[in-house]
Amino acid sequence: MLDAEKLNKATQYFKDIYDRKNNLVTRLLDFSDDPLDSMVDANQDKLLAFKLLMHAEMEYYLESVTREVIERCKTEWTANSHLNPIILRLLAYNKTEYAGNARDNDPRVRITNVINGALTQIGQNHGIKEKNQLKLMQQIGVNVLGDHNTLSSDLESYGAHRGVIAHSGISHIASISNPLMKRSETTKIDQIMDLLYDLDIDIQRLYGLVIFPVSFSDKVGI
């Protein structure tokens, strides 16, 4: 569990998901940690619902903080034409080819289109698995597989299990997966919240980078 001092340092996005986690535990996991209680059919449904809803909250968090960083870049670019490290990364990971025509000839327009394309990509995200993490985080300078490898692995596992739940009937889930246990599910989500907090602090560091313009000669972490 995170203490109040740590939570005060978090973004509002993280505070929201942390509060949501606590509320879902209270509302859905209203039974004891006894494994026999967890195995009651009604409580299995609650545990399944908890996993699905927490997956949605984590997906929303990752998308929201990524969008916040890119929106700040867009504001800075539109106002001052400053190329900061995040915009340079967006350019590096963009696959748009130069078409060689007058309509596609202005670098400022192309850069704006790259930024808008990155925002569109966020809206098309569906999931929290490794490929989703990379599409969101890598382009804004977060090395999820290096600096946050434990979180990345935990999200990959959580996303894979959620996929089984979301796309299977209860009889099939029961045939391929062990029953969910309250204690293991709450322990797992608390661990992810701790690691997500570390990511949140790292992303706030990136917010600082957005404020200051840089030249192409500056270190941008590419």
# chains A, B, ... in the order shown; residues from 1 in each chain; ligands from 1
>>> closest_atom_pairs(of="segment 3-84 of chain A", to="segment 118-133 of chain A", cutoff="12 Å", atoms="only C-alpha atoms", output="JSON lines")
{"residue": "A:Leu52", "atom": "CA", "partner": "A:Gly127", "partner_atom": "CA", "distance": 11.3}
{"residue": "A:Met54", "atom": "CA", "partner": "A:Ile128", "partner_atom": "CA", "distance": 11.0}
{"residue": "A:His55", "atom": "CA", "partner": "A:Ile128", "partner_atom": "CA", "distance": 7.6}
{"residue": "A:Ala56", "atom": "CA", "partner": "A:Gly127", "partner_atom": "CA", "distance": 8.1}
{"residue": "A:Glu57", "atom": "CA", "partner": "A:Ile128", "partner_atom": "CA", "distance": 10.1}
{"residue": "A:Met58", "atom": "CA", "partner": "A:Ile128", "partner_atom": "CA", "distance": 7.3}
{"residue": "A:Glu59", "atom": "CA", "partner": "A:Ile128", "partner_atom": "CA", "distance": 5.6}
{"residue": "A:Tyr60", "atom": "CA", "partner": "A:Gly127", "partner_atom": "CA", "distance": 9.2}
{"residue": "A:Tyr61", "atom": "CA", "partner": "A:Ile128", "partner_atom": "CA", "distance": 10.0}
{"residue": "A:Leu62", "atom": "CA", "partner": "A:Gln133", "partner_atom": "CA", "distance": 7.8}
{"residue": "A:Glu63", "atom": "CA", "partner": "A:Ile122", "partner_atom": "CA", "distance": 6.0}
{"residue": "A:Ser64", "atom": "CA", "partner": "A:Ile122", "partner_atom": "CA", "distance": 8.6}
{"residue": "A:Val65", "atom": "CA", "partner": "A:Ile122", "partner_atom": "CA", "distance": 10.3}
{"residue": "A:Thr66", "atom": "CA", "partner": "A:Ile122", "partner_atom": "CA", "distance": 7.8}
{"residue": "A:Arg67", "atom": "CA", "partner": "A:Leu119", "partner_atom": "CA", "distance": 6.4}
{"residue": "A:Glu68", "atom": "CA", "partner": "A:Leu119", "partner_atom": "CA", "distance": 9.6}
{"residue": "A:Val69", "atom": "CA", "partner": "A:Leu119", "partner_atom": "CA", "distance": 10.1}
{"residue": "A:Ile70", "atom": "CA", "partner": "A:Leu119", "partner_atom": "CA", "distance": 7.2}
{"residue": "A:Glu71", "atom": "CA", "partner": "A:Leu119", "partner_atom": "CA", "distance": 7.9}
{"residue": "A:Arg72", "atom": "CA", "partner": "A:Leu119", "partner_atom": "CA", "distance": 11.4}
{"residue": "A:Cys73", "atom": "CA", "partner": "A:Leu119", "partner_atom": "CA", "distance": 11.0}
{"residue": "A:Lys74", "atom": "CA", "partner": "A:Leu119", "partner_atom": "CA", "distance": 9.9}
>>> residues_around(residues="Ile201 of chain A", least_positions_apart="2", cutoff="10 Å", atoms="only C-alpha atoms", output="MDAnalysis selection string")
chainID A and resid 6 9:11 14 196:199 203:207
>>> atom_distance(atom1="atom CA of Gly146 of chain A", atom2="atom CA of Ala160 of chain A")
20.5 Å
>>> atom_distance(atom1="atom CA of Tyr158 of chain A", atom2="atom CA of Glu185 of chain A")
10.2 Å
>>> residues_around(residues="Gln191 of chain A", least_positions_apart="5", cutoff="9 Å", atoms="only C-alpha atoms", output="ChimeraX atom specification")
/A:1,151,154,186,196
>>> atom_distance(atom1="atom CA of Thr187 of chain A", atom2="atom CA of Asp33 of chain A")
11.2 Å
>>> closest_residue(among="A:Thr150, A:Asn101, A:Ser38, A:Gln139", to="Val114 of chain A", atoms="only C-alpha atoms")
A:Gln139
>>> residues_around(residues="Asn94 of chain A", least_positions_apart="5", cutoff="12 Å", atoms="only C-alpha atoms", output="ChimeraX atom specification")
/A:87-89,110-119,121,135,138-139
>>> select_by_dssp(residues="segment 92-219 of chain A", states="alpha helix (DSSP H)", output="PyMOL selection string")
chain A and resi 92-93+107-123+130-137+149-166+170-176+182-211
>>> write_last_selection(atoms="C-alpha atoms", output="compact mmCIF listing (two decimals), in the first residue's frame")
# COMPACT_ATOMS: atom_id res chain seq x y z
CA ALA A 92 11.91 8.71 -34.98
CA TYR A 93 9.10 6.19 -34.47
CA PRO A 107 8.25 20.46 -42.43
CA ARG A 108 6.08 22.24 -39.86
CA VAL A 109 2.96 20.63 -41.28
CA ARG A 110 4.62 17.23 -41.36
CA ILE A 111 5.72 17.53 -37.73
CA THR A 112 2.21 18.58 -36.70
CA ASN A 113 0.81 15.60 -38.60
CA VAL A 114 3.20 13.27 -36.80
CA ILE A 115 2.07 14.61 -33.43
CA ASN A 116 -1.59 14.26 -34.39
CA GLY A 117 -0.91 10.76 -35.68
CA ALA A 118 0.60 9.77 -32.34
CA LEU A 119 -2.53 11.03 -30.56
CA THR A 120 -4.72 9.06 -32.95
CA GLN A 121 -2.69 5.93 -32.25
CA ILE A 122 -3.41 6.28 -28.54
CA GLY A 123 -7.13 6.25 -29.29
CA GLU A 130 4.04 -5.61 -24.15
CA LYS A 131 3.22 -4.49 -27.68
CA ASN A 132 0.71 -1.97 -26.30
CA GLN A 133 3.21 -0.69 -23.73
CA LEU A 134 5.84 -0.16 -26.40
CA LYS A 135 3.51 1.67 -28.79
CA LEU A 136 2.50 4.04 -26.01
CA MET A 137 5.57 4.45 -23.82
CA ASN A 149 10.78 -4.52 -16.89
CA THR A 150 9.02 -6.03 -13.87
CA LEU A 151 5.97 -3.84 -14.44
CA SER A 152 6.05 -4.69 -18.13
CA SER A 153 6.11 -8.40 -17.38
CA ASP A 154 3.30 -8.11 -14.82
CA LEU A 155 1.12 -6.14 -17.24
CA GLU A 156 1.80 -8.65 -20.01
CA SER A 157 0.66 -11.50 -17.74
CA TYR A 158 -2.35 -9.56 -16.48
CA GLY A 159 -3.36 -8.64 -20.01
CA ALA A 160 -3.03 -12.21 -21.27
CA HIS A 161 -5.20 -13.59 -18.46
CA ARG A 162 -7.75 -10.83 -18.97
CA GLY A 163 -7.92 -11.83 -22.64
CA VAL A 164 -8.87 -15.38 -21.69
CA ILE A 165 -11.60 -14.07 -19.39
CA ALA A 166 -12.97 -11.49 -21.80
CA ILE A 170 -17.21 -19.42 -17.76
CA SER A 171 -17.13 -23.15 -18.53
CA HIS A 172 -14.11 -22.70 -20.81
CA ILE A 173 -12.34 -20.45 -18.30
CA ALA A 174 -12.83 -23.10 -15.61
CA SER A 175 -11.38 -25.78 -17.89
CA ILE A 176 -8.14 -23.92 -18.68
CA LYS A 182 -8.88 -13.06 -3.48
CA ARG A 183 -5.56 -12.89 -1.67
CA SER A 184 -3.46 -13.58 -4.76
CA GLU A 185 -5.47 -11.13 -6.89
CA THR A 186 -5.22 -8.29 -4.39
CA THR A 187 -1.53 -8.98 -3.77
CA LYS A 188 -0.88 -8.95 -7.51
CA ILE A 189 -2.75 -5.70 -8.11
CA ASP A 190 -1.04 -4.01 -5.15
CA GLN A 191 2.33 -4.98 -6.61
CA ILE A 192 1.34 -3.56 -9.98
CA MET A 193 0.16 -0.34 -8.32
CA ASP A 194 3.54 0.06 -6.60
CA LEU A 195 5.35 -0.42 -9.91
CA LEU A 196 2.91 1.82 -11.74
CA TYR A 197 3.68 4.53 -9.20
CA ASP A 198 7.37 4.29 -10.13
CA LEU A 199 6.38 4.68 -13.78
CA ASP A 200 4.22 7.67 -12.86
CA ILE A 201 7.17 9.42 -11.22
CA ASP A 202 9.34 8.66 -14.24
CA ILE A 203 6.77 10.15 -16.59
CA GLN A 204 6.57 13.30 -14.48
CA ARG A 205 10.29 13.68 -15.08
CA LEU A 206 9.52 13.63 -18.80
CA TYR A 207 6.94 16.40 -18.31
CA GLY A 208 9.83 18.60 -17.27
CA LEU A 209 11.59 17.90 -20.55
CA VAL A 210 8.57 19.11 -22.49
CA ILE A 211 8.86 22.60 -21.01
>>> residues_around(residues="segment 17-31 of chain A", least_positions_apart="4", cutoff="7 Å", atoms="only C-alpha atoms", output="list in words")
Tyr13, Asp37, Lys46, Leu47, Phe50, Met54 and Glu57 of chain A
>>> decode(residues="segment 105-127 of chain A", atoms="N, CA and C atoms", output="CSV table (one decimal), in the first residue's frame")
chain,number,residue,atom,x,y,z
A,105,ASN,N,5.0,19.2,-48.3
A,105,ASN,CA,6.3,19.7,-48.4
A,105,ASN,C,6.8,20.5,-47.3
A,106,ASP,N,5.9,21.0,-46.4
A,106,ASP,CA,6.2,21.9,-45.3
A,106,ASP,C,6.6,21.1,-44.1
A,107,PRO,N,7.8,21.2,-43.6
A,107,PRO,CA,8.2,20.5,-42.4
A,107,PRO,C,7.4,20.7,-41.2
A,108,ARG,N,6.9,21.9,-41.0
A,108,ARG,CA,6.1,22.2,-39.9
A,108,ARG,C,4.8,21.4,-39.9
A,109,VAL,N,4.2,21.4,-41.1
A,109,VAL,CA,3.0,20.6,-41.3
A,109,VAL,C,3.2,19.2,-41.0
A,110,ARG,N,4.3,18.6,-41.5
A,110,ARG,CA,4.6,17.2,-41.4
A,110,ARG,C,4.8,16.9,-39.9
A,111,ILE,N,5.5,17.8,-39.2
A,111,ILE,CA,5.7,17.5,-37.7
A,111,ILE,C,4.4,17.6,-37.0
A,112,THR,N,3.5,18.5,-37.3
A,112,THR,CA,2.2,18.6,-36.7
A,112,THR,C,1.4,17.3,-37.0
A,113,ASN,N,1.5,16.8,-38.2
A,113,ASN,CA,0.8,15.6,-38.6
A,113,ASN,C,1.3,14.4,-37.8
A,114,VAL,N,2.6,14.4,-37.6
A,114,VAL,CA,3.2,13.3,-36.8
A,114,VAL,C,2.7,13.3,-35.4
A,115,ILE,N,2.6,14.5,-34.8
A,115,ILE,CA,2.1,14.6,-33.4
A,115,ILE,C,0.6,14.2,-33.4
A,116,ASN,N,-0.2,14.7,-34.3
A,116,ASN,CA,-1.6,14.3,-34.4
A,116,ASN,C,-1.8,12.8,-34.6
A,117,GLY,N,-0.9,12.2,-35.4
A,117,GLY,CA,-0.9,10.8,-35.7
A,117,GLY,C,-0.6,10.0,-34.4
A,118,ALA,N,0.3,10.4,-33.6
A,118,ALA,CA,0.6,9.8,-32.3
A,118,ALA,C,-0.6,9.8,-31.4
A,119,LEU,N,-1.3,10.9,-31.4
A,119,LEU,CA,-2.5,11.0,-30.6
A,119,LEU,C,-3.6,10.1,-31.1
A,120,THR,N,-3.7,10.0,-32.4
A,120,THR,CA,-4.7,9.1,-33.0
A,120,THR,C,-4.4,7.6,-32.6
A,121,GLN,N,-3.1,7.3,-32.6
A,121,GLN,CA,-2.7,5.9,-32.3
A,121,GLN,C,-3.1,5.6,-30.8
A,122,ILE,N,-3.0,6.5,-29.9
A,122,ILE,CA,-3.4,6.3,-28.5
A,122,ILE,C,-4.9,5.9,-28.5
A,123,GLY,N,-5.7,6.6,-29.3
A,123,GLY,CA,-7.1,6.3,-29.3
A,123,GLY,C,-7.4,4.9,-29.9
A,124,GLN,N,-6.5,4.3,-30.6
A,124,GLN,CA,-6.7,3.0,-31.2
A,124,GLN,C,-6.1,1.9,-30.4
A,125,ASN,N,-5.5,2.2,-29.3
A,125,ASN,CA,-4.9,1.2,-28.4
A,125,ASN,C,-5.9,0.3,-27.8
A,126,HIS,N,-5.6,-0.9,-27.7
A,126,HIS,CA,-6.5,-1.9,-27.0
A,126,HIS,C,-5.7,-2.9,-26.2
A,127,GLY,N,-5.4,-2.6,-25.0
A,127,GLY,CA,-4.7,-3.5,-24.2
A,127,GLY,C,-3.5,-3.0,-23.4
